[in-house]
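Asker: Next comes the structure file entry-v5.txt, holding compact mmCIF, C-alpha atoms and all ligand atoms.
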```txt
# COMPACT_ATOMS: atom_id res chain seq x y z
CA MET A 1 12.34 -5.58 16.68
CA ASN A 2 8.64 -4.98 16.17
CA ARG A 3 7.06 -8.05 14.61
CA LEU A 4 4.09 -5.97 13.39
CA GLN A 5 4.94 -3.40 10.74
CA ILE A 6 2.53 -0.82 9.27
CA THR A 7 3.22 0.15 5.66
CA GLN A 8 1.51 1.82 2.70
CA GLY A 9 1.38 -0.04 -0.60
CA ASP A 10 -0.27 -2.58 -2.84
CA ILE A 11 -0.59 -6.01 -1.20
CA THR A 12 -0.31 -7.78 -4.59
CA HIS A 13 3.38 -6.78 -4.62
CA CYS A 14 4.13 -8.38 -1.23
CA THR A 15 6.73 -11.16 -1.23
CA THR A 16 5.62 -12.47 2.19
CA ASP A 17 4.90 -16.21 2.53
CA ALA A 18 1.18 -15.36 2.59
CA ILE A 19 -1.06 -12.41 1.81
CA VAL A 20 -4.59 -12.15 3.17
CA ASN A 21 -7.52 -11.37 0.89
CA ALA A 22 -10.52 -9.39 2.17
CA ALA A 23 -12.91 -11.70 0.33
CA ASN A 24 -16.64 -12.31 0.38
CA THR A 25 -18.34 -15.54 1.45
CA THR A 26 -18.61 -16.88 -2.12
CA LEU A 27 -14.82 -16.65 -2.60
CA LEU A 28 -15.58 -15.96 -6.27
CA GLY A 29 -13.85 -12.57 -6.42
CA GLY A 30 -15.13 -9.02 -6.30
CA GLY A 31 -13.82 -5.46 -6.31
CA GLY A 32 -11.35 -3.73 -4.00
CA VAL A 33 -8.42 -5.75 -2.79
CA ASP A 34 -10.24 -8.97 -3.74
CA GLY A 35 -10.36 -7.84 -7.36
CA ALA A 36 -6.72 -6.71 -7.31
CA ILE A 37 -5.53 -10.04 -5.91
CA HIS A 38 -7.50 -12.07 -8.45
CA ARG A 39 -6.29 -9.89 -11.34
CA ALA A 40 -2.65 -10.25 -10.27
CA ALA A 41 -2.87 -13.97 -9.45
CA GLY A 42 -4.53 -14.92 -12.72
CA PRO A 43 -7.46 -17.26 -13.49
CA GLU A 44 -6.03 -20.29 -11.66
CA LEU A 45 -6.80 -18.52 -8.36
CA LEU A 46 -10.53 -18.42 -9.12
CA ALA A 47 -10.38 -22.02 -10.32
CA GLU A 48 -8.96 -23.13 -6.96
CA CYS A 49 -11.40 -20.88 -5.06
CA ARG A 50 -14.28 -22.63 -6.81
CA THR A 51 -13.21 -25.90 -5.16
CA LEU A 52 -13.47 -24.39 -1.66
CA ASN A 53 -17.28 -24.03 -1.60
CA GLY A 54 -17.21 -20.55 -0.08
CA CYS A 55 -16.15 -19.42 3.38
CA ASN A 56 -18.11 -18.16 6.38
CA THR A 57 -17.56 -14.64 7.68
CA GLY A 58 -14.62 -14.62 10.08
CA GLU A 59 -13.23 -17.94 8.85
CA ALA A 60 -10.18 -18.32 6.61
CA LYS A 61 -9.22 -20.64 3.75
CA ALA A 62 -5.91 -20.80 1.87
CA THR A 63 -5.05 -21.20 -1.79
CA LYS A 64 -1.79 -21.02 -3.70
CA GLY A 65 -0.58 -17.63 -4.92
CA TYR A 66 -0.13 -18.51 -8.62
CA ARG A 67 1.24 -15.45 -10.48
CA LEU A 68 1.50 -13.43 -7.25
CA PRO A 69 4.98 -13.24 -5.62
CA CYS A 70 3.61 -14.77 -2.38
CA ARG A 71 3.27 -18.54 -1.81
CA TYR A 72 -0.27 -18.51 -0.37
CA VAL A 73 -3.37 -16.35 -0.43
CA ILE A 74 -5.48 -16.66 2.73
CA HIS A 75 -9.06 -15.66 1.98
CA THR A 76 -11.18 -14.33 4.84
CA PRO A 77 -14.61 -12.68 4.48
CA GLY A 78 -14.85 -9.76 6.89
CA PRO A 79 -18.09 -8.64 8.55
CA ILE A 80 -20.32 -6.13 6.81
CA TRP A 81 -20.85 -3.17 9.15
CA ARG A 82 -24.51 -3.06 10.26
CA GLY A 83 -24.27 -0.55 13.08
CA GLY A 84 -22.01 -2.45 15.46
CA ASP A 85 -24.49 -4.52 17.47
CA HIS A 86 -24.44 -7.62 15.26
CA GLY A 87 -21.16 -9.07 16.51
CA GLU A 88 -19.11 -7.27 13.86
CA ALA A 89 -16.17 -6.56 16.19
CA ASP A 90 -15.81 -10.21 17.19
CA LYS A 91 -16.11 -11.37 13.59
CA LEU A 92 -13.39 -8.95 12.49
CA ALA A 93 -11.09 -10.23 15.24
CA ASP A 94 -11.87 -13.77 14.03
CA CYS A 95 -10.68 -12.82 10.52
CA TYR A 96 -7.24 -11.83 11.82
CA ARG A 97 -6.92 -14.68 14.32
CA ASN A 98 -8.11 -17.40 11.92
CA SER A 99 -5.93 -16.10 9.08
CA LEU A 100 -2.88 -16.21 11.38
CA THR A 101 -3.83 -19.72 12.52
CA VAL A 102 -4.04 -20.90 8.89
CA ALA A 103 -0.65 -19.22 8.20
CA SER A 104 0.91 -21.05 11.17
CA THR A 105 -0.57 -24.34 9.98
CA LEU A 106 1.00 -23.77 6.55
CA GLY A 107 4.39 -23.02 8.12
CA CYS A 108 4.38 -19.37 7.03
CA LYS A 109 6.88 -17.07 8.77
CA THR A 110 5.70 -13.82 7.19
CA ILE A 111 2.18 -12.63 6.34
CA ALA A 112 0.63 -9.41 5.00
CA PHE A 113 -2.89 -8.13 5.74
CA PRO A 114 -5.02 -5.49 4.05
CA SER A 115 -7.40 -3.39 6.15
CA ILE A 116 -10.22 -5.95 6.26
CA SER A 117 -13.83 -4.68 6.05
CA THR A 118 -12.98 -0.95 5.98
CA GLY A 119 -13.78 -0.49 2.29
CA VAL A 120 -16.97 -1.78 0.68
CA TYR A 121 -17.99 -3.33 4.03
CA HIS A 122 -17.91 0.11 5.74
CA PHE A 123 -16.46 -1.01 9.08
CA PRO A 124 -15.36 2.21 10.86
CA LEU A 125 -11.63 2.57 10.25
CA THR A 126 -10.39 3.64 13.71
CA GLN A 127 -12.24 0.81 15.45
CA ALA A 128 -11.17 -1.74 12.82
CA ALA A 129 -7.52 -0.72 13.18
CA ARG A 130 -7.66 -1.14 16.98
CA ILE A 131 -9.23 -4.60 16.63
CA ALA A 132 -6.68 -5.67 14.01
CA VAL A 133 -3.62 -4.48 15.95
CA LYS A 134 -4.86 -5.92 19.26
CA THR A 135 -5.70 -9.31 17.73
CA ILE A 136 -2.41 -9.58 15.82
CA LEU A 137 -0.25 -8.60 18.83
CA THR A 138 -2.12 -11.05 21.09
CA TYR A 139 -1.52 -13.86 18.58
CA LEU A 140 2.18 -12.99 18.18
CA ARG A 141 2.70 -13.17 21.97
CA THR A 142 1.93 -16.91 21.95
CA HIS A 143 3.14 -17.87 18.47
CA ASN A 144 6.85 -17.37 17.81
CA ASP A 145 6.60 -19.25 14.51
CA ILE A 146 5.26 -16.10 12.82
CA GLU A 147 8.25 -13.77 12.51
CA GLN A 148 6.69 -10.77 10.77
CA VAL A 149 3.17 -9.44 10.17
CA THR A 150 2.74 -6.47 7.82
CA MET A 151 -0.37 -4.33 7.57
CA VAL A 152 -0.42 -3.05 3.96
CA CYS A 153 -2.52 0.14 3.87
CA PHE A 154 -3.65 1.32 0.44
CA ASP A 155 -4.00 5.02 1.29
CA LYS A 156 -2.63 7.59 3.74
CA GLY A 157 -5.78 7.75 5.85
CA THR A 158 -5.69 4.01 6.46
CA LEU A 159 -1.95 4.14 7.16
CA ALA A 160 -2.48 6.87 9.80
CA ALA A 161 -5.25 4.89 11.49
CA TYR A 162 -3.12 1.75 11.85
CA GLU A 163 -0.03 3.67 12.98
CA GLN A 164 -2.21 5.38 15.60
CA ALA A 165 -3.68 2.06 16.75
CA LEU A 166 -0.19 0.56 17.12
CA ALA A 167 1.08 3.64 18.98
CA GLU A 168 -1.86 3.37 21.41
CA THR A 169 -1.09 -0.27 22.22
CA GLU A 170 2.60 0.52 22.75
CA GLN A 171 1.60 3.22 25.25
CA THR A 172 -0.75 0.91 27.16
CA ASP A 173 1.73 -2.00 27.06
CA ALA A 174 4.65 0.18 28.18
N1 LIG B 201 -3.60 -3.53 -1.66
C1 LIG B 201 -3.89 -3.28 -0.36
N2 LIG B 201 -5.07 -2.80 0.06
C2 LIG B 201 -6.01 -2.55 -0.88
C3 LIG B 201 -5.80 -2.80 -2.27
C4 LIG B 201 -4.53 -3.30 -2.63
N3 LIG B 201 -4.22 -3.58 -3.92
N4 LIG B 201 -6.94 -2.46 -2.94
C5 LIG B 201 -7.82 -2.01 -2.02
N5 LIG B 201 -7.27 -2.05 -0.79
C6 LIG B 201 -7.83 -1.64 0.50
C7 LIG B 201 -8.99 -0.68 0.47
O1 LIG B 201 -8.55 0.65 0.19
C8 LIG B 201 -9.48 -0.84 1.90
O2 LIG B 201 -8.68 -0.06 2.77
O3 LIG B 201 -8.36 -2.79 1.15
C9 LIG B 201 -9.20 -2.32 2.20
C10 LIG B 201 -10.46 -3.21 2.21
O4 LIG B 201 -11.40 -2.71 1.27
P1 LIG B 201 -12.22 -3.70 0.28
O5 LIG B 201 -11.29 -4.28 -0.71
O6 LIG B 201 -13.41 -2.94 -0.20
O7 LIG B 201 -12.67 -4.90 1.24
P2 LIG B 201 -13.86 -4.98 2.31
O8 LIG B 201 -14.24 -3.64 2.87
O9 LIG B 201 -13.44 -6.07 3.26
O10 LIG B 201 -15.11 -5.47 1.44
C11 LIG B 201 -15.05 -6.78 0.92
O11 LIG B 201 -15.53 -6.06 -1.30
O12 LIG B 201 -14.21 -6.43 -3.09
C12 LIG B 201 -15.32 -6.88 -2.43
O13 LIG B 201 -15.36 -9.23 -2.90
C13 LIG B 201 -15.12 -8.27 -1.89
O14 LIG B 201 -17.41 -8.48 -1.32
C14 LIG B 201 -16.13 -8.27 -0.79
C15 LIG B 201 -16.03 -6.86 -0.23
```
Turn this file's structure into structure tokens for me.

Answerer:
Amino acid sequence: MNRLQITQGDITHCTTDAIVNAANTTLLGGGGVDGAIHRAAGPELLAECRTLNGCNTGEAKATKGYRLPCRYVIHTPGPIWRGGDHGEADKLADCYRNSLTVASTLGCKTIAFPSISTGVYHFPLTQAARIAVKTILTYLRTHNDIEQVTMVCFDKGTLAAYEQALAETEQTDA
């Protein structure tokens, strides 16, 4: 069974042990998926975020899920796209790897990701999807504690990009 699933939906509805938030380095909320997660979780999420003193790009910090159906929210600031020669690809891979590491540390078995950095941060979607899928599959190969990772794509274009990226890896791994 494929331990990485690609779906379309709203990540605030996910009942996974953890959902990942495409945050910014202040961790004080914003628009996009960050705004949706804070709205659904309620004000206690921001209160806990305030105690974390921000988070560097590519790193990941966890909070409780509060009114969300998940147990934890793992906040990770993705890289802002600045043309591609400022280490953006490595930083995006760090977001996925460090979020999975935090999930393992918390004993999570299931985790859901949004498409980090491909909205307001303008990271090119096709390249971001390849980085995400490659990083997640590499992590899953050496970490059997994580049973299921779900990419939750908000729109059809994002869904197609992640399905394509997964299909490409299955061809090369075959
Ligand atoms: N569920 C799942 N995905 C969502 C949801 C949702 N409820 N809402 C938005 N998305 C998708 C967007 O459509 C996009 O594909 O999340 C992806 C990431 O887009 P952004 O939320 O804009 O995140 P990002 O590009 O990483 O920019 C982060 O935006 O909201 C601010 O505070 C945030 O400054 C930070 C920046």

Asker: Pick out the residues sitting within 6 Å of region 22-39 of chain A, and hand them over as a list in words; count all atoms listed in the file, and ignore anything fewer than 2 positions along from it in its own chain.

Answerer: Thr12, Ala41, Gly42, Cys49, Gly54, Cys55, Asn56, His75, Thr76, Pro77 and Ile116 of chain A

Asker: How about saving the chosen residues, C-alpha atoms kept, as a short mmCIF file (atom, residue, chain, number, x, y, z; two decimals), in the coordinates of the input?

Answerer:
```
data_model
loop_
_atom_site.label_atom_id
_atom_site.label_comp_id
_atom_site.auth_asym_id
_atom_site.auth_seq_id
_atom_site.Cartn_x
_atom_site.Cartn_y
_atom_site.Cartn_z
CA THR A 12 -0.31 -7.78 -4.59
CA ALA A 41 -2.87 -13.97 -9.45
CA GLY A 42 -4.53 -14.92 -12.72
CA CYS A 49 -11.40 -20.88 -5.06
CA GLY A 54 -17.21 -20.55 -0.08
CA CYS A 55 -16.15 -19.42 3.38
CA ASN A 56 -18.11 -18.16 6.38
CA HIS A 75 -9.06 -15.66 1.98
CA THR A 76 -11.18 -14.33 4.84
CA PRO A 77 -14.61 -12.68 4.48
CA ILE A 116 -10.22 -5.95 6.26
#
```

Asker: Which of these, A:Asp10, A:Glu147, A:Asp17, A:Asp94, has the shortest distance to ligand LIG 201 (chain B) once you count only C-alpha atoms and all ligand atoms?

Answerer: A:Asp10

Asker: Which residue out of A:Asn2, A:Asn21, A:Thr158, A:Gln164 has the minimum interatomic distance to Arg141 (chain A) when all atoms listed in the file are used?

Answerer: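 Checking each candidate against Arg141 (chain A), we get A:Asn2 as the closest.
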
Asker: With only C-alpha atoms counted, which protein, DNA or RNA residues have an atom no more than 12 Å from (-0.5, -3.0, 1.4) in the file frame? Please answer as a PyMOL selection string.

Answerer: chain A and resi 5-16+19-22+33+36-37+111-116+149-156+158-159+162

Asker: Centre and edge lengths of an axis-aligned box around all listed atoms of ligand LIG 201 (chain B), with 5 Å added on each side, are to be given in Å to one decimal, as lines of an AutoDock Vina configuration file.

Answerer:
```
center_x = -10.5
center_y = -4.3
center_z = -0.3
size_x = 23.8
size_y = 19.9
size_z = 17.2
```

Asker: Using only C-alpha atoms, determine which residues lie at most 10 Å from Asp90 (chain A), disregarding the query and same-chain residues fewer than 5 positions distant; provide the list as a PDB file with C-alpha atoms, in the frame of the given file.

Answerer:
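Final file, result_30.pdb:
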```pdb
ATOM      1  CA  GLY A  58     -14.620 -14.620  10.080  1.00  0.00           C
ATOM      2  CA  PRO A  79     -18.090  -8.640   8.550  1.00  0.00           C
ATOM      3  CA  CYS A  95     -10.680 -12.820  10.520  1.00  0.00           C
ATOM      4  CA  ILE A 131      -9.230  -4.600  16.630  1.00  0.00           C
TER       5      ILE A 131
END
```

Asker: Taking into account all atoms listed in the file, which residue in the set A:Ala93, A:Leu100, A:Cys70, A:Ala60 is nearest to Ile146 (chain A)?

Answerer: A:Leu100

Asker: Find the spatial neighbours of Lys64 (chain A), counting only C-alpha atoms, within a cut-off of 6 Å - ignore same-chain residues fewer than 5 positions away - and output them as a ChimeraX atom specification.

Answerer: /A:71-73

Asker: Measure the distance from CA of Gly84 (chain A) to CA of Phe123 (chain A) in Å and round it to one decimal.

Answerer: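 Here the two named atoms are 8.6 Å from each other.
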
Asker: Taking only C-alpha atoms and all ligand atoms into account, name the residue in A:Leu52, A:Ala47, A:Ala18, A:Leu125 that is nearest to ligand LIG 201 (chain B).

Answerer: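 Once distances to ligand LIG 201 (chain B) are computed over only C-alpha atoms and all ligand atoms, the minimum belongs to A:Leu125.
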
Asker: Write out as a PyMOL selection string which residues come within 12 Å of Pro124 (chain A) when counting all atoms listed in the file, dropping same-chain ones fewer than 3 positions away.

Answerer: chain A and resi 79-84+88-89+92+115-121+127-131+158+161

Asker: Those residues with C-alpha atoms, as a short mmCIF file (atom, residue, chain, number, x, y, z; two decimals), in the frame of the given file please?

Answerer:
```cif
data_model
loop_
_atom_site.label_atom_id
_atom_site.label_comp_id
_atom_site.auth_asym_id
_atom_site.auth_seq_id
_atom_site.Cartn_x
_atom_site.Cartn_y
_atom_site.Cartn_z
CA PRO A 79 -18.09 -8.64 8.55
CA ILE A 80 -20.32 -6.13 6.81
CA TRP A 81 -20.85 -3.17 9.15
CA ARG A 82 -24.51 -3.06 10.26
CA GLY A 83 -24.27 -0.55 13.08
CA GLY A 84 -22.01 -2.45 15.46
CA GLU A 88 -19.11 -7.27 13.86
CA ALA A 89 -16.17 -6.56 16.19
CA LEU A 92 -13.39 -8.95 12.49
CA SER A 115 -7.40 -3.39 6.15
CA ILE A 116 -10.22 -5.95 6.26
CA SER A 117 -13.83 -4.68 6.05
CA THR A 118 -12.98 -0.95 5.98
CA GLY A 119 -13.78 -0.49 2.29
CA VAL A 120 -16.97 -1.78 0.68
CA TYR A 121 -17.99 -3.33 4.03
CA GLN A 127 -12.24 0.81 15.45
CA ALA A 128 -11.17 -1.74 12.82
CA ALA A 129 -7.52 -0.72 13.18
CA ARG A 130 -7.66 -1.14 16.98
CA ILE A 131 -9.23 -4.60 16.63
CA THR A 158 -5.69 4.01 6.46
CA ALA A 161 -5.25 4.89 11.49
#
```

Asker: Restricting the calculation to all atoms listed in the file, which member of A:Thr105, A:Thr126, A:Thr110, A:Thr51 is positioned closest to ligand LIG 201 (chain B)?

Answerer: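 Smallest distance to ligand LIG 201 (chain B) is found for A:Thr126.
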
Asker: I'd like to know which of A:Leu68, A:Cys108, A:Val102, A:Leu140 is closest to ligand LIG 201 (chain B), using only C-alpha atoms and all ligand atoms.

Answerer: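 Smallest separation from ligand LIG 201 (chain B) among the options: A:Leu68.
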
Asker: Between atom N4 of ligand LIG 201 (chain B) and CA of Ile136 (chain A), measure the distance and give it in Å to one decimal.

Answerer: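 So the two atoms, atom N4 of ligand LIG 201 (chain B) and CA of Ile136 (chain A), lie 20.6 Å apart.
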
Asker: Would you work out the distance separating atom O10 of ligand LIG 201 (chain B) from CA of Ser104 (chain A), expressed in Å to one decimal?

Answerer: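 The value is 24.4 Å.
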